[in-house]
Each structure stands twice: as C-alpha cells, then as structure tokens.
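Here the structure is laid out as structure tokens; the discussion comes afterwards.
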Amino acid sequence: MSQQSLILPAPGQRAVRIRRLLEVLGAVSIAATFIFLVLTQPADITNGLASGSTLVALGGFLLGAILLIIGVLPTLPTSTLVLIPVALVLNIALGQIMGSTGLPFYFDAIGTVLIAVLAGPAAGAATGALSSIVWSFINPTVLPFAAGAALIGFLSGLAARHGLFRRFYLAPVAGFVTGILAGVVSAPIAAFVFGGTSGAGTGAIVGAFRAMGDTLLAAITKQALISDPMDKAIVFTVVALLVYALPRRTTLQFAFVRRFNVLAGKKQETPGA
Amino acid sequence: MPARLNPLTALAAAAATAATTTAASSWAASLTVILGGVVLAVRAGVCGRLAPAAAVILAPFWLSLLIMHGLFFPEGRTVLAEWGAARVTTEGLGFALDMGTRTAAYVVVFLLFSFTVRVPDLVAVMSARRVPPQFGYVLASTLTLAPAISGRLARIRQAQESRGLVVRGGPLPRLAAARLQMVPLVLSLIQEAGDRAQALDSRGFNGATARTSYRDVPDTAAQRAFRAVALLLAVAAVALRISGQWPDMQWPSSQWPGGVPG
C-alpha cells in the first residue's frame with residue numbers, strides 16, 4: 001500500500017543536485033574572493049585601497065553567503081529552522097548579558113555556535129550567514145562579514161561532529177583554531193570595506209602594527225589573530241557550559257546530537273559533565 | 001518616502017546607491033548620499049530613530065579610524081605633526097575621511113531602507129519571487145522575536161533577583177550570575193522553538209509546492225523600470241571601477257600615488 005497521499009512529496013533528484021551545486025559554488029566563491037584579495041593586496045595598499053578590492057570583497061563574500069543560504073536552507077528540518085531566529089536573538093541578548101557583567105568580551109557568535117553544536121555544520125553555516133543578513137537590518141556594518149560568520153558556524157559544527165565537545169578541555173582549543181581561521185577570513189573585509197576596525201581598543205592595536213610599518217591588511221590580520229582566537233575560545237567554552245546545562249531531554253531532540261554522539265555521557269543517563 | 005513603495009524598489013535603490021558610492025569612493029560623493037539619506041529620512045518621519053541608531057554604530061568606528069589612520073599612516077608623505085612613532089599626515093587624515101564618510105553613507109542608506117520597509121510586505125514579495133520561504137520566516141521571526149526577548153530577559157533577571165541574585169564581586173560570581181540568567185533563557189527559547197516546529201510542520205511549512213499569498217503588494221511599471229535602471233547603473237559603476245576605467249575627475253584628498261587600482 002502506498003502512503004504517498006499522506007506525506008509531502010520528497011524533493012526530486014534534480015533539486016537535490018542543484019542545492020548541492022549552490023553550496024559548492026558558495027564555498028568556492030568565498031574561497032576565491034579571499035585568495036584574490038590576499039594575492040592583490042600589496043598593490044592596492046599604496047593606492048589607499050580605493051575601491052576595486054572593496055567591490056570584489058563585498059560582492060564575492062556576499063554572493064557566497066547567499067548561495068550557501070539558498071542551498072542549505074531548504075534542506076534543514078523545521079526543528080532546526082525554528083532555532084535560527086532563536087540563535088540570532090541569542091547572539092544579541094547574550095551579548096547584552098555579558099555587557100552587563102562588565103567583562104571585556106563581545107561574544108556575538110554564541111547563538112551561531114550553539115546551533116552548530118546542536119544541529120551540525122550545514123545548519124551552523126546557514127545560521128551564521130543568515131544572522132549577519134538579518135542583523136544588518138539593525139546594524140548594516142555586519143552584512144559584509146556574513147562569510148566569516150558562516151565559516152564560524154561551519155567549523156564549530158565540524159568540531160562538534162568530531163567529538164571536540166565531548167571533552168571539556170577540547171572545546172576552547174577548537175574555538176581557538178576557529179578564531180584563527182575566522183579572523184584571517186574577516187580581516188580583508190575590515191581592511192578593504194571599512195578601512196579599519198570598530199572600537200578604540202582594536203583600533204589602537206591596529207595603529208601599533210601600522211606604526212611598525214605593516215600594510216593595513218597585515219596590521220588588521222595581526223589584530224584579528226590577537227582578538228579572535230581568545231574570543232572564540234571563550235565563546236566555545238560558554239556554549240559547552242550551556243549545552244551541558246540544558247536538560248538531556250532537550251539536547252537529545254536533535255538528530256545530529258544523537259547520530260554523532262556530540263555530548264559526553266551515556267545515552268539514557270543524566271549528563272556526566 | 002511614499003507609504004506604498006514596493007519593498008523591492010526601496011531595496012534596489014539602497015543597494016544601487018551603496019554600490020555606486022563604494023565605486024565612487026570619494027568623500028564628496030559619500031557626503032551627498034548621506035545628506036540625501038537624511039532628507040529622505042526626515043520626510044519619512046524616521047529621522048528620530050535613524051539618527052541615534054546610526055550614531056551608535058558610527059561613533060566608535062570613526063574614533064577608531066581617527067586613532068588608526070590619523071596617528072599611524074606609514075604611506076603618508078605630508079607630515080603635519082610628529083610624536084615619536086605617531087605621525088599625523090594629510091594622507092592619513094584624508095584616508096580616514098574617505099573611509100569614514102563612505103561607511104556612514106552605507107549605514108545611513110541601509111538603515112533608511114530597514115526603518116521604512118514593511119517586513120510583511122518584504123516577505124510576501126520575496127516568497128512570490130521563489131526565495132525559499134524559510135528565509136522569509138527567519139527574517140520576520142527574528143525581527144519580531146528580538147523585542148520580546150529583551151522583555152523576557154528582564155523578567156528572568158527580576159525572578160532571579162527576587163531569589164537573591166546580586167551582580168557584583170569578582171569575575172567568577174559575575175559569570176555565575178550570567179549563567180543563572182542564560183540557562184533559563186536558552187532553555188525556554190529552545191523549548192518554544194520545538195513547539196513552533198511542530199505547529200509549522202503540521203501546516204505543511206516544508207512543502208515544496210507553490211503557496212498562495214493573501215497579501216497583495218502593489219507594484220507599478222514605473223517602479224519596475226526604476227529598479228532595472230538603478231541596478232544597471234550600479235552594475236555599470238562597479239564594472240567601470242573594477243576594470244580601472246573610472247573617470248578621474250576626483251577631489252584632491254581621494255587621489256593616491258599610483259593611480260586607480262586594477
């Protein structure tokens with residue numbers, strides 16, 4: 001007997017292939033843009049980085065992020081999809097809580113990493129890119145960093161999949177590595193699109209490197225390599241604390257957590273962290 | 001801004017303006033765009049909200065640019081003042097001005113769009129254009145969820161304070177206090193998301209078939225033509241700039257030794 005009439009039609013083979021192609025194109029677009037920027041930057045710096053590179057950086061990274069979103073979004077199950085707005089709001093709200101504690105960190109990726117740990121790399125990448133796009137309705141300067149945010153989501157999902165959240169000391173290490181890569185990818189955006197970073201503290205660090213004669217891109221990359229790994233190591237730790245503080249009933253709702261055994265502890269027992 | 005402007009027209013205008021301003025990359029062009037944006041904001045009656053929002057974003061950015069390029073700009077030739085490693089150069093200040101006004105123009109234009117657009121209209125138009133419906137859901141859901149969350153956060157804090165939570169002391173008690181607020185917030189949000197997923201699933205949200213929209217967003221031939229022209233102009237400006245053919249009729253401070261980048 002056929003159940004066809006009761007369920008929604010499954011997407012055809014062609015649709016699946018097109019989505020896969022979009023994901024690959026998105027990743028290629030981001031990677032190609034980055035390589036182009038790194039290869040051409042020495043010539044541009046002396047020109048005051050007028051704007052050819054800016055347009056390439058903006059266009060390539062945004063196109064990549066949008067292709068990723070179009071490719072990944074329709075494949076996500078509804079239970080993951082409804083978490084994305086939650087993640088974005090968490091990025092904002094948890095940042096506010098952290099601000100009220102007076103600690104000198106910014107934590108704008110907690111929601112993205114949380115989703116990636118619960119729902120996997122693809123969901124993490126889509127969440128990162130989408131959150132940049134939606135957040136840009138309130139702060140447009142976030143928009144060009146969509147590719148970096150997607151990378152953070154993807155890498156943290158990958159870390160969760162390979163069990164780095166099972167051991168408590170491995171989560172900050174994974175965050176540190178993610179921060180290095182994310183900082184290196186985001187630095188060209190800060191350099192070419194905005195000509196610098198926001199905030200007096202990071203500005204002073206960049207200024208110090210510039211005083212030693214670095215090009216702007218090199219100075220901003222070094223600044224990012226100082227700030228980002230620390231920030232992401234802390235974010236990953238916070239997410240690990242958060243995930244283990246959640247009831248096991250909640251975390252085990254997610255197929256990704258069950259399938260790859262993301263969290264420590266036996267399946268039927270209380271969390272042992 | 002007229003109330004019944006199609007959201008796509010506003011979006012196309014904003015994107016085209018931002019792209020062209022970036023391609024022009026001169027403080028005079030950026031300043032013109034900022035002024036135009038402010039005039040439109042005043043006419044649309046959103047200036048009171050737009051100005052503080054833009055100031056919060058731009059003030060730290062400008063300060064940072066001034067520290068970075070005003071004091072340290074190794075490529076600068078004309079030195080105005082010098083203290084040890086810090087050198088104030090004309091080129092550095094000019095670069096900070098170019099970048100500062102360009103980013104300001106970009107921020108003003110997009111904030112003007114997001115403050116005047118009607119999100120339900122935008123979502124309806126996008127789903128009619130075969131943008132995945134999930135995107136519209138995430139956009140609309142986030143923009144309505146964000147204000148609700150800060151209210152809930154305040155309630156959680158009140159509840160914890162009534163149980164004796166006091167935020168003070170060293171970093172560890174502060175972290176513990178943050179945890180006491182975060183865990184209930186995250187837990188309730190994830191729980192609600194699960195409920196919402198079931199409700200959406202039972203209404204065929206993930207279906208691939210076309211949907212009927214009850215929301216009719218007006219669109220005119222004039223607006224369609226305007227969109228096409230605006231995007232074509234923007235593409236032309238970007239192509240000119242990237243190919244290095246941009247006409248050099250610029251202002252002194254935007255000129256750099258070595259000419260236009262290829």
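Labeling convention for the structure tokens: chains A, B, ... as they appear, residues from 1 per chain, ligands from 1 in order of appearance.
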Near-Val235 in chain B list (10 Å; only C-alpha atoms; drop same-chain fewer than 6 positions) as a list in words: Ala16, Ala19, Thr20, Ala23, Val229 and Arg241 of chain B
Would you save the residues of that selection, restricted to all heavy atoms, as a compact mmCIF listing (two decimals), in the first residue's frame?
# COMPACT_ATOMS: atom_id res chain seq x y z
N ALA B 16 21.80 49.88 -4.98
CA ALA B 16 22.46 50.58 -6.07
C ALA B 16 23.21 51.80 -5.53
O ALA B 16 24.34 52.07 -5.94
CB ALA B 16 21.42 51.01 -7.11
N ALA B 19 26.37 50.59 -3.73
CA ALA B 19 27.39 50.11 -4.66
C ALA B 19 28.05 51.27 -5.39
O ALA B 19 29.27 51.33 -5.54
CB ALA B 19 26.78 49.13 -5.65
N THR B 20 27.22 52.23 -5.84
CA THR B 20 27.78 53.35 -6.59
C THR B 20 28.65 54.22 -5.69
O THR B 20 29.72 54.68 -6.11
CB THR B 20 26.64 54.21 -7.18
OG1 THR B 20 25.67 53.33 -7.74
CG2 THR B 20 27.15 55.13 -8.24
N ALA B 23 31.87 52.51 -5.31
CA ALA B 23 32.67 52.61 -6.53
C ALA B 23 33.26 54.01 -6.66
O ALA B 23 34.42 54.17 -7.04
CB ALA B 23 31.81 52.27 -7.74
N VAL B 229 16.75 50.30 -14.09
CA VAL B 229 17.72 51.36 -14.37
C VAL B 229 18.72 51.49 -13.23
O VAL B 229 19.93 51.58 -13.45
CB VAL B 229 16.98 52.69 -14.62
CG1 VAL B 229 17.97 53.85 -14.70
CG2 VAL B 229 16.16 52.61 -15.89
N ARG B 241 34.72 50.67 -12.24
CA ARG B 241 35.72 50.75 -11.19
C ARG B 241 36.64 49.53 -11.21
O ARG B 241 37.86 49.68 -11.14
CB ARG B 241 35.01 50.86 -9.83
CG ARG B 241 35.92 50.77 -8.67
CD ARG B 241 37.05 51.76 -8.75
NE ARG B 241 36.67 53.06 -8.24
CZ ARG B 241 37.49 54.11 -8.25
NH1 ARG B 241 38.71 53.99 -8.74
NH2 ARG B 241 37.09 55.27 -7.78
Test item: residues at most 7 Å from Gly148 in chain A, only C-alpha atoms, excluding those fewer than 5 positions along its chain, as an NGL selection string: :A and (182 or 185-186)
Who sits within 9 Å of Leu66 in chain B, only C-alpha atoms, same chain under 6 positions skipped, as number ranges by chain: A: 203; B: 92-93, 96-97
Coordinates-based distance that separates CA of Leu76 in chain A from CA of Val125 in chain B (Å, one decimal):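 CA of Val125 in chain B sits 22.4 Å away from CA of Leu76 in chain A.
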Spatial neighbours of Ala57 in chain A, 8 Å, only C-alpha atoms, chain gap at least 4 places, as a PyMOL selection string: chain A and resi 33-34+37+53+61+188-189+192-193
Save the residues we just selected, C-alpha atoms, as a PDB file, in the first residue's frame?
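Output file part_3.pdb is given in full below:
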ATOM      1  CA  THR A  33      37.392  36.005  -3.200  1.00  0.00           C
ATOM      2  CA  PHE A  34      39.694  35.508  -0.251  1.00  0.00           C
ATOM      3  CA  LEU A  37      42.208  39.654  -2.059  1.00  0.00           C
ATOM      4  CA  SER A  53      39.084  45.413  -3.973  1.00  0.00           C
ATOM      5  CA  PHE A  61      31.707  37.206   0.041  1.00  0.00           C
ATOM      6  CA  PRO A 188      40.236  41.584   4.391  1.00  0.00           C
ATOM      7  CA  ILE A 189      36.638  42.738   4.887  1.00  0.00           C
ATOM      8  CA  PHE A 192      39.034  46.766   2.259  1.00  0.00           C
ATOM      9  CA  VAL A 193      35.429  47.615   3.067  1.00  0.00           C
TER      10      VAL A 193
END
d(CA of Ala159 in chain B, CA of Arg179 in chain B) in Å: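 Computing it gives 13.9 Å between the two atoms.
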Leu231 in chain B: which residues within 12 Å, counting only C-alpha atoms, same-chain residues fewer than 3 positions away excluded, as a compact mmCIF listing (two decimals) with all heavy atoms, in the first residue's frame?
# COMPACT_ATOMS: atom_id res chain seq x y z
N LEU B 8 10.88 45.94 -2.95
CA LEU B 8 11.99 45.65 -3.86
C LEU B 8 12.56 46.93 -4.45
O LEU B 8 13.77 47.04 -4.67
CB LEU B 8 11.54 44.73 -4.98
CG LEU B 8 11.30 43.28 -4.59
CD1 LEU B 8 10.92 42.48 -5.81
CD2 LEU B 8 12.55 42.70 -3.95
N THR B 9 11.68 47.93 -4.72
CA THR B 9 12.17 49.19 -5.25
C THR B 9 13.09 49.86 -4.26
O THR B 9 14.18 50.34 -4.61
CB THR B 9 10.98 50.11 -5.58
OG1 THR B 9 10.03 49.37 -6.33
CG2 THR B 9 11.42 51.32 -6.35
N ALA B 10 12.65 49.89 -2.98
CA ALA B 10 13.49 50.51 -1.95
C ALA B 10 14.81 49.75 -1.81
O ALA B 10 15.88 50.36 -1.71
CB ALA B 10 12.74 50.53 -0.62
N LEU B 11 14.73 48.42 -1.84
CA LEU B 11 15.95 47.61 -1.69
C LEU B 11 16.91 47.86 -2.85
O LEU B 11 18.12 48.03 -2.66
CB LEU B 11 15.58 46.13 -1.59
CG LEU B 11 16.74 45.17 -1.36
CD1 LEU B 11 17.45 45.49 -0.07
CD2 LEU B 11 16.26 43.74 -1.33
N ALA B 12 16.34 47.88 -4.07
CA ALA B 12 17.18 48.11 -5.25
C ALA B 12 17.83 49.48 -5.17
O ALA B 12 19.02 49.64 -5.46
CB ALA B 12 16.35 47.98 -6.52
N ALA B 13 17.04 50.49 -4.75
CA ALA B 13 17.60 51.84 -4.64
C ALA B 13 18.73 51.86 -3.62
O ALA B 13 19.80 52.44 -3.87
CB ALA B 13 16.50 52.82 -4.25
N ALA B 14 18.52 51.21 -2.46
CA ALA B 14 19.54 51.21 -1.41
C ALA B 14 20.80 50.49 -1.89
O ALA B 14 21.92 51.01 -1.74
CB ALA B 14 19.01 50.54 -0.15
N ALA B 15 20.62 49.31 -2.49
CA ALA B 15 21.79 48.55 -2.92
C ALA B 15 22.54 49.29 -4.02
O ALA B 15 23.78 49.37 -3.99
CB ALA B 15 21.35 47.17 -3.42
N ALA B 16 21.80 49.88 -4.98
CA ALA B 16 22.46 50.58 -6.07
C ALA B 16 23.21 51.80 -5.53
O ALA B 16 24.34 52.07 -5.94
CB ALA B 16 21.42 51.01 -7.11
N THR B 17 22.58 52.53 -4.60
CA THR B 17 23.25 53.70 -4.04
C THR B 17 24.52 53.30 -3.31
O THR B 17 25.58 53.92 -3.47
CB THR B 17 22.32 54.42 -3.05
OG1 THR B 17 21.05 54.58 -3.67
CG2 THR B 17 22.87 55.77 -2.67
N ALA B 18 24.43 52.23 -2.50
CA ALA B 18 25.60 51.79 -1.75
C ALA B 18 26.71 51.36 -2.68
O ALA B 18 27.88 51.73 -2.49
CB ALA B 18 25.21 50.65 -0.80
N ALA B 19 26.37 50.59 -3.73
CA ALA B 19 27.39 50.11 -4.66
C ALA B 19 28.05 51.27 -5.39
O ALA B 19 29.27 51.33 -5.54
CB ALA B 19 26.78 49.13 -5.65
N THR B 20 27.22 52.23 -5.84
CA THR B 20 27.78 53.35 -6.59
C THR B 20 28.65 54.22 -5.69
O THR B 20 29.72 54.68 -6.11
CB THR B 20 26.64 54.21 -7.18
OG1 THR B 20 25.67 53.33 -7.74
CG2 THR B 20 27.15 55.13 -8.24
N ARG B 224 9.07 49.17 -11.68
CA ARG B 224 9.85 48.10 -12.28
C ARG B 224 10.97 48.69 -13.14
O ARG B 224 12.12 48.26 -13.09
CB ARG B 224 8.94 47.20 -13.13
CG ARG B 224 8.89 45.77 -12.60
CD ARG B 224 7.82 44.98 -13.28
NE ARG B 224 6.54 45.11 -12.61
CZ ARG B 224 5.38 45.28 -13.20
NH1 ARG B 224 5.31 45.36 -14.52
NH2 ARG B 224 4.28 45.37 -12.49
N ALA B 225 10.62 49.71 -13.92
CA ALA B 225 11.61 50.35 -14.77
C ALA B 225 12.70 51.00 -13.92
O ALA B 225 13.89 50.90 -14.22
CB ALA B 225 10.94 51.40 -15.65
N PHE B 226 12.28 51.66 -12.82
CA PHE B 226 13.25 52.32 -11.96
C PHE B 226 14.26 51.31 -11.41
O PHE B 226 15.47 51.55 -11.37
CB PHE B 226 12.53 53.01 -10.80
CG PHE B 226 13.46 53.54 -9.74
CD1 PHE B 226 14.12 54.75 -9.93
CD2 PHE B 226 13.70 52.82 -8.59
CE1 PHE B 226 14.99 55.23 -8.97
CE2 PHE B 226 14.57 53.29 -7.62
CZ PHE B 226 15.22 54.50 -7.82
N ARG B 227 13.73 50.13 -10.98
CA ARG B 227 14.62 49.10 -10.43
C ARG B 227 15.66 48.68 -11.46
O ARG B 227 16.85 48.58 -11.16
CB ARG B 227 13.81 47.89 -10.00
CG ARG B 227 13.03 48.09 -8.73
CD ARG B 227 12.71 46.75 -8.10
NE ARG B 227 11.77 45.96 -8.87
CZ ARG B 227 10.45 46.01 -8.71
NH1 ARG B 227 9.93 46.82 -7.82
NH2 ARG B 227 9.66 45.26 -9.44
N ALA B 228 15.16 48.44 -12.70
CA ALA B 228 16.08 47.99 -13.74
C ALA B 228 17.16 49.03 -13.99
O ALA B 228 18.36 48.71 -14.05
CB ALA B 228 15.31 47.69 -15.01
N ALA B 234 24.21 50.79 -11.28
CA ALA B 234 25.13 50.31 -10.25
C ALA B 234 26.12 49.33 -10.86
O ALA B 234 27.33 49.41 -10.59
CB ALA B 234 24.35 49.66 -9.12
N VAL B 235 25.61 48.41 -11.70
CA VAL B 235 26.50 47.42 -12.32
C VAL B 235 27.53 48.13 -13.19
O VAL B 235 28.72 47.80 -13.19
CB VAL B 235 25.68 46.41 -13.14
CG1 VAL B 235 26.59 45.57 -14.02
CG2 VAL B 235 24.89 45.51 -12.20
N ALA B 236 27.07 49.16 -13.92
CA ALA B 236 27.98 49.91 -14.78
C ALA B 236 29.07 50.57 -13.94
O ALA B 236 30.27 50.53 -14.29
CB ALA B 236 27.21 50.95 -15.58
N ALA B 237 28.68 51.20 -12.83
CA ALA B 237 29.66 51.87 -11.97
C ALA B 237 30.67 50.87 -11.43
O ALA B 237 31.88 51.13 -11.44
CB ALA B 237 28.95 52.58 -10.82
N VAL B 238 30.17 49.71 -10.97
CA VAL B 238 31.06 48.69 -10.41
C VAL B 238 32.01 48.19 -11.50
O VAL B 238 33.22 48.05 -11.27
CB VAL B 238 30.23 47.53 -9.82
CG1 VAL B 238 31.14 46.36 -9.47
CG2 VAL B 238 29.50 48.01 -8.57
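The residue that comes closest to chain B, out of A:Ile30, A:Leu62, A:Leu83, A:Ala224 and on the basis of only C-alpha atoms, is A:Leu83.
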Contact set, chain B to chain A: 6 Å, only C-alpha atoms, as a compact mmCIF listing (two decimals) with N, CA and C atoms, in the first residue's frame:
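Everything below was put into part-v2.txt:
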# COMPACT_ATOMS: atom_id res chain seq x y z
N ALA B 23 31.87 52.51 -5.31
CA ALA B 23 32.67 52.61 -6.53
C ALA B 23 33.26 54.01 -6.66
N PRO B 60 31.94 54.84 17.47
CA PRO B 60 33.18 54.11 17.77
C PRO B 60 34.01 53.84 16.53
N PHE B 61 33.33 53.67 15.40
CA PHE B 61 34.05 53.39 14.16
C PHE B 61 34.91 54.59 13.75
N SER B 64 37.86 54.99 16.04
CA SER B 64 38.88 54.00 15.73
C SER B 64 39.65 54.39 14.46
N MET B 68 43.60 55.06 14.18
CA MET B 68 44.40 54.23 13.29
C MET B 68 45.13 55.04 12.24
N PHE B 72 48.77 56.89 12.67
CA PHE B 72 49.75 55.99 12.06
C PHE B 72 49.36 55.76 10.61
N PRO B 74 51.86 54.87 7.56
CA PRO B 74 53.22 54.82 7.03
C PRO B 74 53.34 55.31 5.59
N MET B 99 37.13 56.88 4.18
CA MET B 99 36.55 55.65 4.70
C MET B 99 35.37 55.95 5.63
N VAL B 107 25.83 52.99 5.89
CA VAL B 107 24.99 52.74 7.07
C VAL B 107 23.68 53.51 6.96
N SER B 114 15.83 49.76 6.09
CA SER B 114 15.25 48.82 7.06
C SER B 114 14.26 49.52 7.98
N VAL B 138 12.62 33.19 8.77
CA VAL B 138 13.70 33.56 9.68
C VAL B 138 13.75 35.08 9.86
N LEU B 139 13.62 35.79 8.74
CA LEU B 139 13.69 37.26 8.81
C LEU B 139 12.58 37.82 9.69
N THR B 142 12.74 36.68 13.44
CA THR B 142 13.78 37.31 14.25
C THR B 142 13.40 38.74 14.61
N ALA B 146 13.05 39.64 18.58
CA ALA B 146 14.08 40.41 19.29
C ALA B 146 13.51 41.29 20.40
N ARG B 174 30.37 36.97 38.89
CA ARG B 174 29.68 37.59 37.75
C ARG B 174 29.33 36.55 36.70
N ALA B 193 10.87 26.79 20.56
CA ALA B 193 11.18 26.52 19.16
C ALA B 193 10.67 25.14 18.77
N ALA B 197 8.03 24.32 15.87
CA ALA B 197 8.35 23.43 14.75
C ALA B 197 7.20 22.48 14.49
N ARG B 241 34.72 50.67 -12.24
CA ARG B 241 35.72 50.75 -11.19
C ARG B 241 36.64 49.53 -11.21
N ILE B 242 36.05 48.35 -11.38
CA ILE B 242 36.88 47.15 -11.32
C ILE B 242 37.80 47.06 -12.53
N TRP B 256 45.67 59.10 -4.82
CA TRP B 256 46.79 58.45 -4.17
C TRP B 256 47.89 58.23 -5.17
N GLY B 258 50.10 56.47 -7.50
CA GLY B 258 49.98 55.14 -8.09
C GLY B 258 48.69 54.95 -8.86
N PRO B 261 43.42 51.46 -8.63
CA PRO B 261 43.78 50.04 -8.63
C PRO B 261 43.11 49.28 -9.77
Near-Lys232 in chain A list (8 Å; only C-alpha atoms; drop same-chain fewer than 5 positions) as a list of chain:residue names: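 Contacts, in chain order: A:Phe107, A:Pro172, A:Gly175, A:Phe176, A:Thr178, A:Gly179.
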Non-local contacts of Arg258 in chain A (12 Å; only C-alpha atoms; under 4 positions in same chain excluded) as a VMD selection string: chain A and resid 117 to 120 160 to 161 163 248 to 254 262 to 268
Residue subset to file, keeping N, CA, C and O atoms, as a short mmCIF file (atom, residue, chain, number, x, y, z; two decimals), in the first residue's frame:
data_model
loop_
_atom_site.label_atom_id
_atom_site.label_comp_id
_atom_site.auth_asym_id
_atom_site.auth_seq_id
_atom_site.Cartn_x
_atom_site.Cartn_y
_atom_site.Cartn_z
N VAL A 117 26.44 23.26 17.21
CA VAL A 117 26.69 22.10 18.06
C VAL A 117 25.46 21.20 18.12
O VAL A 117 25.57 19.98 18.12
N LEU A 118 24.27 21.82 18.12
CA LEU A 118 23.06 21.02 18.23
C LEU A 118 22.62 20.44 16.89
O LEU A 118 22.01 19.38 16.84
N ALA A 119 22.89 21.15 15.78
CA ALA A 119 22.28 20.75 14.51
C ALA A 119 23.26 20.54 13.37
O ALA A 119 22.84 20.24 12.26
N GLY A 120 24.56 20.72 13.60
CA GLY A 120 25.51 20.34 12.57
C GLY A 120 26.10 21.48 11.78
O GLY A 120 25.64 22.62 11.86
N ALA A 160 31.98 19.85 16.66
CA ALA A 160 31.02 19.06 17.44
C ALA A 160 30.90 17.66 16.86
O ALA A 160 30.85 16.67 17.58
N ARG A 161 30.90 17.58 15.52
CA ARG A 161 30.73 16.29 14.87
C ARG A 161 31.88 15.35 15.18
O ARG A 161 31.69 14.14 15.30
N GLY A 163 33.51 15.25 17.90
CA GLY A 163 33.61 14.92 19.32
C GLY A 163 34.43 15.88 20.16
O GLY A 163 34.80 15.54 21.28
N ARG A 248 19.05 16.90 29.28
CA ARG A 248 19.41 15.94 28.24
C ARG A 248 18.24 15.69 27.29
O ARG A 248 18.42 15.45 26.11
N ARG A 249 17.03 15.74 27.84
CA ARG A 249 15.83 15.56 27.03
C ARG A 249 15.81 16.58 25.87
O ARG A 249 15.43 16.27 24.75
N THR A 250 16.24 17.80 26.17
CA THR A 250 16.23 18.85 25.15
C THR A 250 17.31 18.62 24.11
O THR A 250 17.06 18.67 22.90
N THR A 251 18.55 18.34 24.57
CA THR A 251 19.63 18.21 23.60
C THR A 251 19.46 16.97 22.73
O THR A 251 19.80 16.97 21.56
N LEU A 252 18.89 15.91 23.32
CA LEU A 252 18.74 14.67 22.53
C LEU A 252 17.59 14.74 21.54
O LEU A 252 17.39 13.81 20.77
N GLN A 253 16.84 15.84 21.54
CA GLN A 253 15.84 16.02 20.49
C GLN A 253 16.50 16.11 19.12
O GLN A 253 15.87 15.85 18.10
N PHE A 254 17.75 16.53 19.10
CA PHE A 254 18.38 16.83 17.82
C PHE A 254 19.05 15.60 17.24
O PHE A 254 19.89 14.97 17.90
N VAL A 262 27.45 13.77 20.06
CA VAL A 262 28.18 15.02 20.23
C VAL A 262 28.58 15.25 21.68
O VAL A 262 29.68 15.72 21.97
N LEU A 263 27.69 14.88 22.60
CA LEU A 263 27.93 15.22 24.00
C LEU A 263 28.41 13.99 24.78
O LEU A 263 28.08 12.86 24.42
N ALA A 264 29.15 14.25 25.83
CA ALA A 264 29.64 13.16 26.67
C ALA A 264 28.50 12.56 27.46
O ALA A 264 27.43 13.15 27.61
N GLY A 265 28.71 11.36 27.99
CA GLY A 265 27.69 10.74 28.83
C GLY A 265 26.92 9.67 28.08
O GLY A 265 26.80 9.72 26.85
N LYS A 266 26.41 8.70 28.82
CA LYS A 266 25.64 7.63 28.20
C LYS A 266 24.29 8.15 27.72
O LYS A 266 23.77 9.13 28.24
N LYS A 267 23.72 7.46 26.75
CA LYS A 267 22.53 7.99 26.12
C LYS A 267 21.33 8.10 27.05
O LYS A 267 20.59 9.05 27.02
N GLN A 268 21.14 7.08 27.92
CA GLN A 268 19.93 7.11 28.75
C GLN A 268 20.15 7.79 30.09
O GLN A 268 19.21 7.96 30.84
#
Strand (DSSP E or B) call set, DSSP backbone run, range 10-257 of chain B, as a ChimeraX atom specification: /B:79-83,86-89
Take the residues that were just selected and, keeping N, CA and C atoms, output them as a PDB file, in the first residue's frame.
ATOM      1  N   VAL B  79      53.762  65.357   6.457  1.00  0.00           N
ATOM      2  CA  VAL B  79      53.647  65.196   7.905  1.00  0.00           C
ATOM      3  C   VAL B  79      53.220  66.518   8.531  1.00  0.00           C
ATOM      4  N   LEU B  80      52.131  66.473   9.289  1.00  0.00           N
ATOM      5  CA  LEU B  80      51.637  67.686   9.939  1.00  0.00           C
ATOM      6  C   LEU B  80      52.180  67.806  11.357  1.00  0.00           C
ATOM      7  N   ALA B  81      52.304  66.674  12.045  1.00  0.00           N
ATOM      8  CA  ALA B  81      52.805  66.697  13.420  1.00  0.00           C
ATOM      9  C   ALA B  81      53.424  65.346  13.701  1.00  0.00           C
ATOM     10  N   GLU B  82      54.317  65.273  14.675  1.00  0.00           N
ATOM     11  CA  GLU B  82      55.020  64.023  14.921  1.00  0.00           C
ATOM     12  C   GLU B  82      55.347  63.905  16.405  1.00  0.00           C
ATOM     13  N   TRP B  83      54.891  62.788  17.025  1.00  0.00           N
ATOM     14  CA  TRP B  83      55.308  62.493  18.394  1.00  0.00           C
ATOM     15  C   TRP B  83      55.820  61.072  18.397  1.00  0.00           C
ATOM     16  N   ALA B  86      54.111  58.163  16.404  1.00  0.00           N
ATOM     17  CA  ALA B  86      52.868  58.668  15.828  1.00  0.00           C
ATOM     18  C   ALA B  86      53.149  59.849  14.909  1.00  0.00           C
ATOM     19  N   ARG B  87      52.641  59.779  13.687  1.00  0.00           N
ATOM     20  CA  ARG B  87      52.800  60.870  12.738  1.00  0.00           C
ATOM     21  C   ARG B  87      51.432  61.216  12.174  1.00  0.00           C
ATOM     22  N   VAL B  88      51.021  62.448  12.331  1.00  0.00           N
ATOM     23  CA  VAL B  88      49.776  62.893  11.717  1.00  0.00           C
ATOM     24  C   VAL B  88      50.090  63.335  10.293  1.00  0.00           C
ATOM     25  N   THR B  89      49.498  62.666   9.311  1.00  0.00           N
ATOM     26  CA  THR B  89      49.775  63.019   7.922  1.00  0.00           C
ATOM     27  C   THR B  89      48.484  63.416   7.215  1.00  0.00           C
TER      28      THR B  89
END
